[in-house]
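File shown: final.txt (compact mmCIF, C-alpha atoms).
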# COMPACT_ATOMS: atom_id res chain seq x y z
CA MET A 1 -11.18 85.20 19.03
CA LEU A 2 -13.13 85.53 22.27
CA THR A 3 -14.22 81.89 21.99
CA ILE A 4 -10.66 80.66 21.50
CA ARG A 5 -9.42 82.90 24.36
CA PRO A 6 -5.75 83.32 23.41
CA PRO A 7 -3.45 84.67 26.12
CA VAL A 8 -2.76 87.77 24.00
CA PHE A 9 -4.78 89.69 21.39
CA SER A 10 -2.46 91.88 19.30
CA PHE A 11 -3.96 94.15 16.64
CA VAL A 12 -3.11 96.87 14.09
CA PHE A 13 -4.85 99.57 12.02
CA GLY A 14 -6.83 101.09 14.89
CA ILE A 15 -8.62 100.38 18.16
CA PRO A 16 -11.31 97.68 18.61
CA PRO A 17 -14.73 98.73 19.94
CA ALA A 18 -14.90 99.28 23.70
CA GLY A 19 -17.07 96.17 24.08
CA ILE A 20 -14.38 93.96 22.56
CA LEU A 21 -11.69 95.35 24.84
CA ALA A 22 -13.97 94.93 27.88
CA ALA A 23 -14.69 91.33 26.90
CA CYS A 24 -10.96 90.64 26.55
CA LYS A 25 -10.33 92.05 30.02
CA SER A 26 -13.12 89.95 31.56
CA LEU A 27 -11.66 86.81 29.97
CA GLY A 28 -8.09 87.59 31.03
CA ILE A 29 -6.89 88.23 27.46
CA LEU A 30 -4.02 90.73 27.33
CA THR A 31 -4.49 93.36 24.60
CA MET A 32 -1.67 94.89 22.56
CA GLY A 33 -2.28 97.73 20.09
CA THR A 34 0.11 99.09 17.47
CA ALA A 35 1.06 102.78 17.40
CA THR A 36 3.19 104.65 14.89
CA THR A 37 2.91 108.04 16.61
CA VAL A 38 2.61 109.45 20.12
CA GLN A 39 -0.97 110.50 19.35
CA GLU A 40 -1.90 106.92 18.49
CA ALA A 41 -0.17 105.58 21.62
CA ARG A 42 -2.13 107.95 23.84
CA ALA A 43 -5.39 106.97 22.13
CA LEU A 44 -4.65 103.29 22.77
CA GLU A 45 -3.90 103.91 26.44
CA GLU A 46 -7.06 105.99 26.87
CA ALA A 47 -9.08 103.15 25.32
CA GLY A 48 -7.83 100.75 27.99
CA VAL A 49 -5.37 98.69 25.92
CA ASP A 50 -2.86 96.82 28.12
CA CYS A 51 0.33 97.23 26.06
CA ILE A 52 1.53 99.35 23.15
CA VAL A 53 3.66 98.12 20.26
CA ALA A 54 5.59 101.14 18.99
CA SER A 55 6.16 100.40 15.30
CA GLY A 56 8.90 102.42 13.63
CA PHE A 57 8.92 103.19 9.92
CA GLU A 58 11.88 100.76 9.56
CA ALA A 59 9.53 97.79 10.07
CA GLY A 60 8.72 95.42 7.25
CA GLY A 61 5.14 94.94 6.11
CA HIS A 62 2.24 97.34 6.54
CA LYS A 63 2.48 100.64 8.36
CA GLY A 64 -0.13 100.45 11.13
CA SER A 65 -1.09 104.14 11.20
CA PHE A 66 -4.72 104.90 12.00
CA ILE A 67 -5.10 108.55 13.03
CA LYS A 68 -3.17 110.26 10.23
CA PRO A 69 -2.24 108.81 6.81
CA ALA A 70 0.72 106.42 6.81
CA HIS A 71 2.95 108.79 4.82
CA ALA A 72 2.41 111.42 7.55
CA SER A 73 3.19 108.99 10.39
CA LEU A 74 6.67 107.75 9.51
CA THR A 75 8.87 108.00 12.60
CA GLY A 76 12.06 106.01 13.24
CA ILE A 77 11.86 103.56 16.12
CA PHE A 78 14.68 105.12 18.18
CA SER A 79 12.94 108.49 18.02
CA LEU A 80 9.50 106.99 18.63
CA ILE A 81 10.35 104.92 21.73
CA PRO A 82 11.38 107.73 24.13
CA GLN A 83 8.61 110.03 22.89
CA ILE A 84 5.93 107.43 23.62
CA ALA A 85 7.62 106.34 26.87
CA ASP A 86 7.38 109.92 28.13
CA GLN A 87 3.64 110.11 27.36
CA VAL A 88 2.12 106.77 28.44
CA ALA A 89 2.26 104.66 31.59
CA ILE A 90 1.44 101.21 30.18
CA PRO A 91 4.15 98.79 28.98
CA LEU A 92 5.83 99.65 25.69
CA ILE A 93 7.15 97.13 23.15
CA ALA A 94 9.50 98.32 20.41
CA ALA A 95 9.21 96.99 16.85
CA GLY A 96 10.84 97.85 13.55
CA GLY A 97 14.45 97.60 12.41
CA ILE A 98 15.49 95.39 15.34
CA ALA A 99 17.22 92.18 14.30
CA ASP A 100 19.94 91.46 16.85
CA ALA A 101 21.09 92.06 20.44
CA ARG A 102 22.35 95.56 19.70
CA GLY A 103 18.88 96.68 18.62
CA VAL A 104 17.30 95.00 21.64
CA ALA A 105 19.70 96.71 24.04
CA GLY A 106 19.19 100.08 22.36
CA ALA A 107 15.40 99.81 22.53
CA LEU A 108 15.44 98.86 26.21
CA ALA A 109 17.87 101.67 27.02
CA LEU A 110 15.49 104.18 25.40
CA GLY A 111 12.51 103.13 27.50
CA ALA A 112 10.95 100.04 25.92
CA HIS A 113 9.89 97.22 28.24
CA GLY A 114 10.23 94.61 25.52
CA VAL A 115 11.04 94.11 21.86
CA GLN A 116 9.17 92.55 18.95
CA ILE A 117 11.20 91.13 16.05
CA GLY A 118 9.72 90.29 12.66
CA THR A 119 12.02 90.07 9.63
CA ALA A 120 14.78 88.12 11.39
CA PHE A 121 12.23 85.42 12.31
CA LEU A 122 10.77 85.38 8.78
CA ALA A 123 14.15 84.15 7.57
CA CYS A 124 14.04 81.17 9.96
CA LYS A 125 13.12 77.72 8.66
CA GLU A 126 10.22 77.50 11.14
CA SER A 127 8.43 80.57 9.76
CA ALA A 128 5.34 80.44 7.56
CA ALA A 129 7.07 82.56 4.92
CA SER A 130 7.22 80.93 1.50
CA PRO A 131 10.50 79.32 0.41
CA ALA A 132 10.84 82.12 -2.17
CA HIS A 133 10.47 84.75 0.56
CA ARG A 134 13.06 83.12 2.81
CA LYS A 135 15.38 82.76 -0.18
CA ALA A 136 15.00 86.47 -0.93
CA LEU A 137 15.85 87.35 2.67
CA GLY A 138 19.05 85.37 2.30
CA GLU A 139 20.02 86.75 -1.11
CA HIS A 140 18.90 90.39 -0.91
CA GLN A 141 20.46 91.39 2.38
CA SER A 142 22.40 94.19 0.72
CA THR A 143 19.32 95.45 -1.14
CA ALA A 144 17.57 98.51 0.24
CA THR A 145 13.89 98.05 1.06
CA THR A 146 11.17 100.31 -0.31
CA LEU A 147 7.83 101.70 0.83
CA THR A 148 5.10 100.75 -1.62
CA LYS A 149 1.33 100.47 -2.03
CA ALA A 150 1.66 98.09 -4.97
CA PHE A 151 0.68 94.88 -3.21
CA THR A 152 -2.31 95.87 -1.10
CA GLY A 153 -3.12 99.53 -1.68
CA ARG A 154 -1.80 100.36 1.79
CA LEU A 155 1.74 101.59 2.47
CA ALA A 156 4.10 98.71 3.33
CA ARG A 157 7.83 98.02 3.35
CA SER A 158 9.30 95.24 1.21
CA PHE A 159 12.18 94.37 -1.08
CA PRO A 160 11.80 96.05 -4.47
CA ASN A 161 10.97 93.85 -7.44
CA ARG A 162 9.24 94.11 -10.81
CA MET A 163 5.86 94.84 -9.20
CA THR A 164 7.10 97.72 -7.06
CA ALA A 165 9.04 99.19 -9.99
CA ASP A 166 6.06 99.04 -12.36
CA MET A 167 3.20 99.88 -10.03
CA ASP A 168 4.82 102.67 -8.03
CA GLN A 169 4.94 104.64 -11.27
CA GLN A 170 1.15 104.30 -11.45
CA GLU A 171 0.18 104.72 -7.79
CA SER A 172 -2.84 106.88 -8.64
CA ARG A 173 -4.31 103.94 -10.57
CA LEU A 174 -4.04 101.41 -7.72
CA ALA A 175 -7.23 100.14 -6.13
CA PRO A 176 -7.79 101.09 -2.48
CA TYR A 177 -6.96 98.70 0.36
CA PRO A 178 -8.01 95.87 0.54
CA ALA A 179 -9.25 95.61 -3.07
CA GLN A 180 -5.69 95.94 -4.40
CA ALA A 181 -4.67 93.03 -2.18
CA TRP A 182 -7.36 90.85 -3.80
CA TYR A 183 -6.23 91.76 -7.31
CA MET A 184 -2.60 91.10 -6.44
CA GLY A 185 -3.54 87.77 -4.86
CA GLN A 186 -4.88 86.61 -8.21
CA LEU A 187 -1.76 87.77 -10.03
CA THR A 188 0.58 86.24 -7.48
CA ARG A 189 -1.11 82.83 -7.65
CA ALA A 190 -1.08 82.89 -11.43
CA GLY A 191 2.60 83.76 -11.45
CA MET A 192 3.51 81.06 -8.93
CA SER A 193 1.68 78.45 -11.04
CA GLN A 194 4.12 79.34 -13.82
CA GLY A 195 7.15 79.34 -11.54
CA ARG A 196 7.41 83.14 -11.58
CA ASP A 197 7.90 85.07 -8.35
CA GLU A 198 8.41 88.63 -9.59
CA PHE A 199 4.86 89.48 -8.50
CA ASN A 200 5.30 88.31 -4.89
CA SER A 201 5.26 90.65 -1.93
CA LEU A 202 8.60 90.27 -0.15
CA SER A 203 8.05 92.05 3.15
CA ALA A 204 11.27 92.98 4.92
CA GLY A 205 12.44 95.56 7.41
CA GLN A 206 15.40 97.87 6.99
CA SER A 207 17.67 95.65 9.11
CA ALA A 208 17.43 92.58 6.88
CA SER A 209 21.17 92.79 6.26
CA LEU A 210 21.72 91.97 9.95
CA ILE A 211 20.13 88.51 9.68
CA ARG A 212 22.59 85.82 10.79
CA HIS A 213 20.45 82.84 11.82
CA ASN A 214 18.14 80.45 9.96
CA SER A 215 16.50 78.86 12.99
CA ALA A 216 14.30 80.44 15.66
CA GLN A 217 16.21 78.66 18.42
CA ALA A 218 19.56 80.01 17.28
CA LEU A 219 18.15 83.52 16.92
CA MET A 220 16.60 83.49 20.40
CA ASP A 221 19.72 82.01 21.98
CA ALA A 222 21.85 84.76 20.41
CA ILE A 223 19.53 87.54 21.59
CA VAL A 224 19.33 86.18 25.15
CA SER A 225 23.08 85.60 25.48
CA GLU A 226 24.36 88.67 23.63
CA THR A 227 22.05 91.43 24.93
CA PRO A 228 23.63 91.52 28.43
CA LEU A 229 27.05 91.65 26.77
CA VAL A 230 26.03 94.71 24.75
CA PHE A 231 24.89 96.45 27.93
CA ALA A 232 28.10 95.50 29.70
CA LYS A 233 30.24 96.79 26.84
CA HIS A 234 28.51 100.09 26.18
CA TRP A 235 26.78 101.04 29.43
CA ALA A 236 29.04 99.63 32.14
CA PRO A 237 30.01 102.20 34.79
CA ARG A 238 33.35 103.80 33.95
CA LYS A 239 36.04 104.12 36.60
Would you mind writing the file's structure down as structure tokens?
Amino acid sequence: MLTIRPPVFSFVFGIPPAGILAACKSLGILTMGTATTVQEARALEEAGVDCIVASGFEAGGHKGSFIKPAHASLTGIFSLIPQIADQVAIPLIAAGGIADARGVAGALALGAHGVQIGTAFLACKESAASPAHRKALGEHQSTATTLTKAFTGRLARSFPNRMTADMDQQESRLAPYPAQAWYMGQLTRAGMSQGRDEFNSLSAGQSASLIRHNSAQALMDAIVSETPLVFAKHWAPRK
């Protein structure tokens, strides 16, 4: 990573060693760490990280908790944003359950300096998600997501399927992360070779039902054009 020198180094599951963060700073690489609690956000700031991504429990995929267990660090994004904003001075980026201009406006109004969107982009044709995953995002928008350890051994949010139904009943028998991810990788590949996708991890956030666009350009255009309108409608000064 230091050799490639990307403009931004964004990470989850903890804080890199001080030497890595110092090297990033010397090379002009902006660092962004993920926090699921105020305690984690303060630890990231104290370590010298440049920006914090506040990840609410609504987010799809893995929960990035690293101080306390994930099940003890589940805070909704609109509760998490103002709490972190009151405790840290570095820029704050909101993530989790934000899929349209209303979520963007709400996050900014609560103290975020920016917003990170995941699931809504996964549904776009440009994403690296598998065709089966994008198809699921289009067909399961009314389906509630679930928190599960079935796919990797670490708590994550996805659409429920046969794997989550079967394995969540046997959570005590799952291998720890990342061994469970390796086992599931074998099963997923075997299933796909037979045209079966009931073993696939279908990561999705709680706002999947708000997805309206299948291209990144259309999604970005809508967010840029509609966010000011949301502010004007709901926060305009009243006479």
Pick from A:Ala181, A:Leu147, A:Ala136, A:Ala112, whichever lies nearest to Asp197 (chain A) using only C-alpha atoms: A:Ala136
Which residue of A:Leu155, A:Ala150, A:Met184, A:Ala120 approaches Met220 (chain A) most closely, using all atoms listed in the file: A:Ala120
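Closest approach to Ser10 (chain A) from the set A:Asp86, A:Phe78, A:Ile93, A:Leu219 is made by A:Ile93, with distances taken over only C-alpha atoms.
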Between CA of Ile81 (chain A) and CA of Gly56 (chain A), what is the distance in Å, rounded to a tenth?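 Distance between the two atoms: 8.6 Å.
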What does the distance between CA of Phe151 (chain A) and CA of Ser73 (chain A) come to in Å, to one decimal place? 19.8 Å
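Nearest to Gly118 (chain A) of all the residues A:Ala59, A:Ile211, A:Met1, A:Ala165 is A:Ala59, based on all atoms listed in the file.
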Give me the residues within 10 Å of Val38 (chain A) as a ChimeraX atom specification, counting all atoms listed in the file and dropping any in the same chain fewer than 3 places off. /A:35,41-44,54,73,75,80-88
From the options A:Arg212, A:Lys149, A:Arg5, A:Lys63, which residue's atoms come nearest to Asp168 (chain A), counting only C-alpha atoms?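 Selected residue with least distance to Asp168 (chain A): A:Lys149.
The space between CA of Ala156 (chain A) and CA of Leu122 (chain A) spans 15.9 Å.
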Given all atoms listed in the file as the basis, pick out the residue of A:Phe9, A:Gly103, A:His213, A:Gly195 nearest to Val230 (chain A).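 Answer, going by the shortest atom-to-atom distance: A:Gly103.
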Spatial neighbours of Phe159 (chain A), max dist 9 Å, only C-alpha atoms, sep filter under 4 positions, as a PyMOL selection string: chain A and resi 136-137+140+143-147+164+201-205
